[in-house]
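Chemist: File name protein_33.txt; file contents compact mmCIF, C-alpha atoms; full text below.
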# COMPACT_ATOMS: atom_id res chain seq x y z
CA MET A 1 -8.56 3.56 16.95
CA THR A 2 -10.35 5.01 19.98
CA ARG A 3 -9.83 8.75 20.26
CA THR A 4 -8.38 10.40 23.29
CA VAL A 5 -10.51 13.35 24.36
CA TYR A 6 -10.18 16.01 27.03
CA VAL A 7 -12.78 16.60 29.75
CA ASN A 8 -12.21 18.96 32.67
CA GLY A 9 -8.52 18.33 33.16
CA GLU A 10 -8.39 14.69 32.09
CA TYR A 11 -7.30 12.97 28.89
CA LEU A 12 -9.62 10.00 28.44
CA PRO A 13 -10.66 7.38 25.87
CA GLU A 14 -13.76 8.78 24.17
CA ASN A 15 -15.96 5.96 25.48
CA GLU A 16 -15.06 6.86 29.06
CA ALA A 17 -15.75 10.61 28.79
CA LYS A 18 -18.68 11.90 30.85
CA VAL A 19 -20.42 15.22 31.49
CA SER A 20 -23.23 15.80 34.00
CA ILE A 21 -26.80 15.51 32.69
CA PHE A 22 -27.36 18.82 34.52
CA ASP A 23 -24.68 20.61 32.53
CA ARG A 24 -26.10 23.86 31.15
CA GLY A 25 -24.57 23.22 27.75
CA PHE A 26 -26.80 20.15 27.52
CA LEU A 27 -29.94 21.68 29.06
CA PHE A 28 -29.84 25.28 27.77
CA ALA A 29 -27.24 25.41 24.98
CA ASP A 30 -25.46 27.67 27.48
CA ALA A 31 -22.04 27.10 25.94
CA VAL A 32 -19.63 28.46 23.37
CA TYR A 33 -17.27 26.66 21.02
CA GLU A 34 -14.41 26.99 18.56
CA VAL A 35 -13.09 24.74 15.81
CA THR A 36 -9.42 24.96 14.87
CA SER A 37 -8.08 23.29 11.73
CA VAL A 38 -4.95 21.17 11.73
CA LEU A 39 -2.63 21.07 8.73
CA ASP A 40 0.65 19.13 8.74
CA GLY A 41 0.04 18.36 12.41
CA LYS A 42 -0.05 22.07 13.32
CA LEU A 43 -2.83 24.42 14.44
CA VAL A 44 -4.15 27.01 11.99
CA ASP A 45 -5.11 30.49 13.29
CA PHE A 46 -5.05 29.35 16.92
CA GLU A 47 -4.51 32.88 18.23
CA GLY A 48 -7.58 34.19 16.41
CA HIS A 49 -9.76 31.39 17.76
CA ALA A 50 -8.47 31.94 21.31
CA VAL A 51 -9.22 35.68 21.13
CA ARG A 52 -12.73 35.06 19.77
CA LEU A 53 -13.37 32.46 22.48
CA GLU A 54 -12.46 35.00 25.15
CA ARG A 55 -14.84 37.52 23.56
CA SER A 56 -17.70 35.00 23.43
CA LEU A 57 -17.19 34.12 27.09
CA ASN A 58 -17.12 37.79 28.09
CA GLU A 59 -20.31 38.56 26.15
CA LEU A 60 -22.11 35.83 28.11
CA ASP A 61 -20.52 36.60 31.50
CA MET A 62 -19.06 33.09 31.47
CA GLN A 63 -15.82 32.10 33.17
CA ALA A 64 -12.82 30.90 31.21
CA ALA A 65 -12.00 27.30 32.03
CA CYS A 66 -8.24 27.81 31.68
CA THR A 67 -5.64 30.18 30.25
CA LYS A 68 -4.84 30.59 26.56
CA GLU A 69 -1.46 28.95 27.14
CA GLU A 70 -3.11 25.94 28.76
CA LEU A 71 -5.58 25.70 25.87
CA LEU A 72 -2.73 25.65 23.39
CA GLU A 73 -1.02 22.86 25.31
CA ILE A 74 -4.25 20.81 25.36
CA HIS A 75 -4.78 21.31 21.63
CA ARG A 76 -1.25 20.23 20.83
CA LYS A 77 -1.39 17.18 23.09
CA LEU A 78 -4.66 15.98 21.55
CA VAL A 79 -3.23 16.41 18.04
CA GLU A 80 -0.21 14.37 19.09
CA LEU A 81 -2.11 11.65 20.97
CA ASN A 82 -4.57 11.16 18.11
CA GLU A 83 -1.92 11.44 15.40
CA ILE A 84 -3.78 14.15 13.49
CA ASP A 85 -2.02 15.34 10.33
CA GLU A 86 -5.05 17.00 8.75
CA GLY A 87 -8.21 17.51 10.72
CA LEU A 88 -9.97 19.57 13.37
CA VAL A 89 -9.87 20.26 17.09
CA TYR A 90 -13.29 21.03 18.61
CA LEU A 91 -13.42 23.02 21.85
CA GLN A 92 -16.50 23.68 23.99
CA VAL A 93 -16.93 25.63 27.21
CA SER A 94 -20.24 25.54 29.07
CA ARG A 95 -21.34 27.35 32.21
CA GLY A 96 -21.15 24.00 33.99
CA SER A 97 -23.56 22.51 36.50
CA ASP A 98 -24.53 23.08 40.13
CA GLY A 99 -26.39 19.79 40.29
CA ASP A 100 -29.89 20.65 39.08
CA ARG A 101 -31.85 22.43 36.34
CA ASP A 102 -32.66 26.12 36.79
CA PHE A 103 -33.07 29.01 34.35
CA VAL A 104 -31.12 31.22 36.73
CA PHE A 105 -27.35 31.05 36.25
CA PRO A 106 -25.53 28.96 38.86
CA SER A 107 -23.38 30.65 41.52
CA GLU A 108 -20.12 32.25 40.42
CA ASP A 109 -18.05 29.52 42.08
CA THR A 110 -19.54 26.89 39.71
CA LYS A 111 -16.75 25.61 37.51
CA PRO A 112 -17.26 25.74 33.74
CA THR A 113 -17.13 22.52 31.75
CA LEU A 114 -14.30 22.26 29.24
CA VAL A 115 -14.39 19.60 26.52
CA LEU A 116 -12.08 19.10 23.53
CA PHE A 117 -11.84 16.38 20.91
CA THR A 118 -10.21 15.89 17.53
CA GLN A 119 -11.61 14.85 14.15
CA ASN A 120 -9.28 13.19 11.67
CA LYS A 121 -9.86 14.59 8.16
CA PRO A 122 -7.27 13.28 5.69
CA GLY A 123 -7.25 15.37 2.51
CA LEU A 124 -8.84 18.36 4.23
CA ALA A 125 -6.79 20.88 2.26
CA ASN A 126 -7.43 19.19 -1.10
CA SER A 127 -11.07 18.22 -0.68
CA PRO A 128 -12.92 17.18 -3.85
CA ALA A 129 -15.77 19.50 -2.82
CA SER A 130 -13.54 22.55 -3.19
CA GLN A 131 -12.60 21.52 -6.72
CA LYS A 132 -16.21 20.94 -7.70
CA GLY A 133 -17.77 23.94 -5.94
CA ALA A 134 -20.89 24.12 -3.81
CA LYS A 135 -24.54 24.55 -4.74
CA ILE A 136 -26.56 26.60 -2.28
CA ILE A 137 -30.16 27.56 -1.62
CA SER A 138 -31.53 30.56 0.28
CA ILE A 139 -33.60 30.25 3.46
CA ASP A 140 -35.03 32.67 6.02
CA ASP A 141 -32.75 33.58 8.91
CA ILE A 142 -34.73 33.03 12.11
CA ARG A 143 -31.83 32.71 14.56
CA TRP A 144 -31.43 34.80 17.71
CA GLY A 145 -29.92 38.26 17.34
CA ARG A 146 -26.39 37.65 18.70
CA ARG A 147 -24.81 35.61 15.93
CA ASP A 148 -21.47 37.26 16.72
CA ILE A 149 -21.25 35.08 19.84
CA LYS A 150 -20.16 31.58 18.83
CA THR A 151 -22.65 29.61 20.88
CA VAL A 152 -23.67 25.97 20.45
CA GLN A 153 -27.21 27.03 19.50
CA LEU A 154 -26.91 25.38 16.11
CA LEU A 155 -30.28 23.70 15.60
CA TYR A 156 -31.51 26.07 12.88
CA PRO A 157 -28.21 26.04 10.93
CA SER A 158 -28.37 22.25 11.12
CA MET A 159 -31.93 22.34 9.81
CA GLY A 160 -30.73 24.67 7.05
CA LYS A 161 -28.17 22.12 5.91
CA MET A 162 -30.90 19.48 5.83
CA MET A 163 -33.13 21.80 3.76
CA ALA A 164 -30.26 22.18 1.32
CA LYS A 165 -29.72 18.43 1.19
CA ALA A 166 -33.42 17.84 0.53
CA ALA A 167 -33.21 20.34 -2.36
CA GLY A 168 -30.21 18.58 -3.90
CA ALA A 169 -27.82 21.34 -2.81
CA ASP A 170 -24.82 21.48 -0.49
CA ASP A 171 -25.60 24.36 1.84
CA ALA A 172 -27.85 27.34 2.50
CA TRP A 173 -27.39 31.09 2.80
CA MET A 174 -29.71 32.80 5.24
CA ILE A 175 -31.70 35.95 4.51
CA GLU A 176 -33.01 38.57 6.95
CA ASP A 177 -34.92 41.73 5.99
CA GLY A 178 -34.16 41.02 2.35
CA TYR A 179 -30.38 40.70 2.73
CA VAL A 180 -28.02 37.74 2.98
CA THR A 181 -26.54 37.34 6.45
CA GLU A 182 -24.27 34.29 6.14
CA GLY A 183 -24.17 30.58 5.42
CA THR A 184 -25.21 27.94 7.92
CA SER A 185 -21.60 27.51 9.08
CA ASN A 186 -19.65 30.04 7.04
CA ASN A 187 -19.40 33.64 5.86
CA ALA A 188 -20.78 34.46 2.39
CA TYR A 189 -19.29 36.41 -0.54
CA TYR A 190 -19.92 37.03 -4.22
CA VAL A 191 -17.71 38.50 -6.94
CA LYS A 192 -18.90 40.86 -9.67
CA ASP A 193 -16.61 42.56 -12.20
CA GLY A 194 -13.61 41.68 -10.05
CA THR A 195 -15.03 43.14 -6.80
CA ILE A 196 -15.57 40.93 -3.75
CA VAL A 197 -18.78 41.78 -1.88
CA THR A 198 -19.51 40.58 1.65
CA ARG A 199 -21.68 41.70 4.56
CA PRO A 200 -19.94 43.95 7.12
CA LEU A 201 -19.31 42.79 10.68
CA SER A 202 -22.07 43.37 13.24
CA THR A 203 -24.05 41.31 15.73
CA ASP A 204 -25.89 39.83 12.71
CA ILE A 205 -23.05 37.52 11.64
CA LEU A 206 -20.17 35.57 13.10
CA HIS A 207 -16.86 37.41 13.05
CA GLY A 208 -15.10 34.68 11.11
CA ILE A 209 -11.42 34.08 11.81
CA THR A 210 -10.94 32.76 8.28
CA ARG A 211 -12.99 35.72 6.98
CA ALA A 212 -10.53 38.17 8.52
CA ALA A 213 -7.52 36.33 7.10
CA VAL A 214 -8.99 35.97 3.61
CA LEU A 215 -10.04 39.63 3.36
CA ARG A 216 -6.57 40.70 4.47
CA LEU A 217 -4.97 38.45 1.86
CA ALA A 218 -7.36 39.77 -0.80
CA GLU A 219 -6.41 43.33 0.08
CA GLU A 220 -2.70 42.45 -0.03
CA ALA A 221 -3.30 40.94 -3.48
CA GLN A 222 -4.88 44.29 -4.50
CA MET A 223 -8.33 42.80 -5.01
CA GLN A 224 -11.28 45.17 -4.67
CA ILE A 225 -13.51 44.58 -1.62
CA GLU A 226 -16.90 46.04 -0.67
CA GLU A 227 -18.30 45.30 2.77
CA ARG A 228 -22.02 46.05 2.44
CA LEU A 229 -25.44 44.46 2.57
CA PHE A 230 -26.43 42.47 -0.51
CA THR A 231 -29.45 40.53 -1.73
CA ILE A 232 -29.65 36.96 -2.95
CA GLU A 233 -30.66 38.31 -6.36
CA GLU A 234 -27.39 40.24 -6.59
CA ALA A 235 -25.50 37.09 -5.70
CA LYS A 236 -27.37 35.05 -8.32
CA GLU A 237 -26.16 37.48 -10.99
CA ALA A 238 -22.55 37.34 -9.82
CA ASP A 239 -19.57 36.08 -11.80
CA GLU A 240 -18.61 33.78 -8.94
CA ALA A 241 -19.16 33.32 -5.22
CA PHE A 242 -17.58 31.56 -2.25
CA THR A 243 -17.75 30.98 1.48
CA THR A 244 -15.08 30.94 4.18
CA SER A 245 -14.84 28.90 7.36
CA ALA A 246 -12.21 27.32 9.60
CA SER A 247 -13.03 23.80 8.44
CA ALA A 248 -13.52 24.40 4.69
CA PHE A 249 -11.17 27.38 4.23
CA VAL A 250 -12.33 29.05 0.98
CA MET A 251 -15.15 27.09 -0.67
CA PRO A 252 -16.22 28.15 -4.20
CA VAL A 253 -19.96 28.42 -4.88
CA VAL A 254 -21.14 27.53 -8.38
CA GLU A 255 -24.93 27.71 -8.06
CA ILE A 256 -27.41 29.79 -6.02
CA ASP A 257 -31.11 28.87 -5.95
CA GLY A 258 -30.69 27.00 -9.23
CA ALA A 259 -28.91 29.87 -11.02
CA GLN A 260 -25.51 28.85 -12.37
CA LEU A 261 -22.66 31.27 -11.69
CA GLY A 262 -20.23 31.83 -14.55
CA ASP A 263 -19.53 28.58 -16.36
CA GLY A 264 -20.61 26.51 -13.37
CA THR A 265 -17.09 25.81 -12.13
CA PRO A 266 -15.08 27.43 -9.30
CA GLY A 267 -14.13 30.98 -10.23
CA PRO A 268 -10.59 32.33 -10.49
CA ILE A 269 -10.77 34.66 -7.48
CA ALA A 270 -12.13 31.97 -5.16
CA LYS A 271 -9.49 29.51 -6.35
CA ARG A 272 -6.71 32.07 -5.92
CA LEU A 273 -7.87 33.04 -2.43
CA ARG A 274 -8.03 29.39 -1.38
CA GLU A 275 -4.52 28.86 -2.71
CA ILE A 276 -2.94 31.83 -0.94
CA TYR A 277 -4.89 31.22 2.27
CA LEU A 278 -3.69 27.62 2.51
CA GLU A 279 -0.15 28.69 1.68
CA GLU A 280 -0.13 31.20 4.54
CA ALA A 281 -2.04 28.88 6.90
CA ARG A 282 0.62 26.19 6.51
CA ALA A 283 3.46 28.71 6.91
CA LYS A 284 2.03 30.28 10.09
CA ALA A 285 0.51 27.20 11.75
CA ILE A 286 1.86 26.43 15.23
Turn the structure described in the file into structure tokens.

Modeler:
Amino acid sequence: MTRTVYVNGEYLPENEAKVSIFDRGFLFADAVYEVTSVLDGKLVDFEGHAVRLERSLNELDMQAACTKEELLEIHRKLVELNEIDEGLVYLQVSRGSDGDRDFVFPSEDTKPTLVLFTQNKPGLANSPASQKGAKIISIDDIRWGRRDIKTVQLLYPSMGKMMAKAAGADDAWMIEDGYVTEGTSNNAYYVKDGTIVTRPLSTDILHGITRAAVLRLAEEAQMQIEERLFTIEEAKEADEAFTTSASAFVMPVVEIDGAQLGDGTPGPIAKRLREIYLEEARAKAI
């Protein structure tokens, strides 16, 4: 079935959707994005994604393409038109195009480009990967310094995933100045003696919407949490580890740089956090 997508006010078959070759998202990666999960045909954590989108736009002096209420309506219509029960809605806003290529930003009356599409992911909540656990490798973090802004500058994270694949692993955690920053598309955590350790928020990492929800749920469950810098060696000696993201929720990690964690299967804290996160996500989805 051909997907219906959204481009600048129009709902179109995906093969009819067009964006200018002069669009700054295409030429300069001058764009931001969000990915919202869909469970039971409803949107998970939409409010958090909308708030983060507004922050990203503000940090880049970029105009909003529409209101939050209009965004919600577009999301819901695409989910309905494409009959998504479990899956994702991808949203991208670029600075648009004034008809040519120039490093200087276009005039303020240039309209931003707004694109949304869905991805159908049956079994998203019960993925086999989450039951098996992920193997990761460590790589240098050479991205630009504003990782808190969710831009489409994703070449190096994409390369990181390919490095992991070439090494027979599933993903990579990035390291800067001796400390783990985050995964290629997720926030990183390890667990030692019952304490969850994760890097604190700053411009060095993405302020994950799922991260915020999972840490709140962990606190409500009276789990111990330490937000501090940590090394890959600390993580390799952990009892268990996991990542969080909007598309994978809580993903257990069972191996880091070839070192098996625990008995090599998803740990109890990661499994419990995934369970309670999905329970709340379904209950609060809109």

Chemist: Go through A:Asp100, A:Glu80, A:Glu275, A:Glu233 and flag the residue nearest A:Ala218, using all atoms listed in the file for the distances.

Modeler: A:Glu275

Chemist: Counting all atoms listed in the file, write as number ranges by chain all protein and nucleic acid residues lying at most 7 Å from (-17.3, 46.9, -3.6) in the file's frame.

Modeler: A: 195-197, 224-227

Chemist: Keeping C-alpha atoms for every residue in the selection just given, could you write it to a file as a CSV table (one decimal), in the frame of the given file?

Modeler:
chain,number,residue,atom,x,y,z
A,195,THR,CA,-15.0,43.1,-6.8
A,196,ILE,CA,-15.6,40.9,-3.8
A,197,VAL,CA,-18.8,41.8,-1.9
A,224,GLN,CA,-11.3,45.2,-4.7
A,225,ILE,CA,-13.5,44.6,-1.6
A,226,GLU,CA,-16.9,46.0,-0.7
A,227,GLU,CA,-18.3,45.3,2.8

Chemist: Please build the interface table for stretch 86-143 of chain A against stretch 35-57 of chain A with a cut-off of 8 Å, listing for each qualifying residue the nearest atom pair and the distance in Å to one decimal; count all atoms listed in the file, order rows by chain and increasing number, and write it as a Markdown table.

Modeler:
| residue | atom | partner | partner_atom | distance |
| --- | --- | --- | --- | --- |
| A:Glu86 | CA | A:Leu39 | CA | 4.7 |
| A:Gly87 | CA | A:Val38 | CA | 5.0 |
| A:Leu88 | CA | A:Ser37 | CA | 4.5 |
| A:Val89 | CA | A:Thr36 | CA | 5.2 |
| A:Tyr90 | CA | A:Val35 | CA | 4.7 |
| A:Leu91 | CA | A:Val35 | CA | 6.3 |
| A:Ala125 | CA | A:Leu39 | CA | 7.7 |

Chemist: At what distance in Å, to one decimal, does atom CA of A:Lys165 lie from atom CA of A:Tyr190?

Modeler: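 Calculated distance between atom CA of A:Tyr190 and atom CA of A:Lys165 is 21.7 Å.
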
Chemist: When distances are computed from only C-alpha atoms, which of A:Met162, A:Ile205, A:Val214, A:Val180 shows the smallest separation from A:Glu234?

Modeler: A:Val180

Chemist: Please identify all polymer residues lying at most 10 Å from the point (-26.6, 23.6, 25.5) (file coordinates), using only C-alpha atoms, and present the result as a list in words.

Modeler: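 With a cut-off of 10 Å, the residues come to Asp23, Arg24, Gly25, Phe26, Leu27, Phe28, Ala29, Asp30, Ala31, Val32, Ser94, Arg95, Thr151, Val152, Gln153 and Leu154 of chain A.
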
Chemist: Could you dump the residues just selected with C-alpha atoms as an mmCIF file, keeping the file's coordinate frame?

Modeler:
data_model
loop_
_atom_site.group_PDB
_atom_site.id
_atom_site.type_symbol
_atom_site.label_atom_id
_atom_site.label_comp_id
_atom_site.auth_asym_id
_atom_site.auth_seq_id
_atom_site.Cartn_x
_atom_site.Cartn_y
_atom_site.Cartn_z
ATOM 1 C CA ASP A 23 -24.680 20.610 32.530
ATOM 2 C CA ARG A 24 -26.100 23.860 31.150
ATOM 3 C CA GLY A 25 -24.570 23.220 27.750
ATOM 4 C CA PHE A 26 -26.800 20.150 27.520
ATOM 5 C CA LEU A 27 -29.940 21.680 29.060
ATOM 6 C CA PHE A 28 -29.840 25.280 27.770
ATOM 7 C CA ALA A 29 -27.240 25.410 24.980
ATOM 8 C CA ASP A 30 -25.460 27.670 27.480
ATOM 9 C CA ALA A 31 -22.040 27.100 25.940
ATOM 10 C CA VAL A 32 -19.630 28.460 23.370
ATOM 11 C CA SER A 94 -20.240 25.540 29.070
ATOM 12 C CA ARG A 95 -21.340 27.350 32.210
ATOM 13 C CA THR A 151 -22.650 29.610 20.880
ATOM 14 C CA VAL A 152 -23.670 25.970 20.450
ATOM 15 C CA GLN A 153 -27.210 27.030 19.500
ATOM 16 C CA LEU A 154 -26.910 25.380 16.110
#

Chemist: Mind pulling up the distance from atom CA of A:Glu219 to atom CA of A:Ile256?

Modeler: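 Atom CA of A:Glu219 lies at a distance of 25.7 Å from atom CA of A:Ile256.
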
Chemist: Find the residues around A:Asp170 up to 8 Å (all atoms listed in the file counted), leave out those fewer than 4 positions away in its own chain, and share them as a PyMOL selection string.

Modeler: chain A and resi 134-136+161+164-165

Chemist: For A:Ile286, which residue out of A:His75, A:Lys192, A:Arg272, A:Arg3 is the nearest one, using all atoms listed in the file?

Modeler: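 Among the listed residues, A:His75 lies closest to A:Ile286.
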
Chemist: Between A:Met174, A:Ala248, A:Leu261, A:Trp144, which has the minimum distance to A:Val191 (counting only C-alpha atoms)?

Modeler: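 The closest residue to A:Val191 is A:Leu261.
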
Chemist: What does the distance between atom CA of A:Thr265 and atom CA of A:Lys132 come to in Å, to one decimal place?

Modeler: 6.6 Å

Chemist: Hey, which of A:Asp148, A:Glu237, A:Glu108, A:Asp171 ends up closest to A:Ser202? Count all atoms listed in the file.

Modeler: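 For A:Ser202, the nearest of the candidates is A:Asp148.
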
Chemist: With distances taken over only C-alpha atoms, which of A:Tyr6, A:Tyr156, A:Phe105, A:Phe242 is nearest to A:Pro266?

Modeler: A:Phe242

Chemist: Mind checking which residues fall within 12 Å of A:Val5, counting only C-alpha atoms, ignoring those fewer than 4 positions away in the same chain, and posting them as a PyMOL selection string?

Modeler: chain A and resi 9-18+74-75+77-82+89-92+114-119

Chemist: A:Lys271: which residues within 9 Å, counting only C-alpha atoms, same-chain residues fewer than 6 positions away excluded, as a list in words?

Modeler: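 Answer for this query is Ser130, Gln131, Val250, Met251 and Pro252 of chain A.
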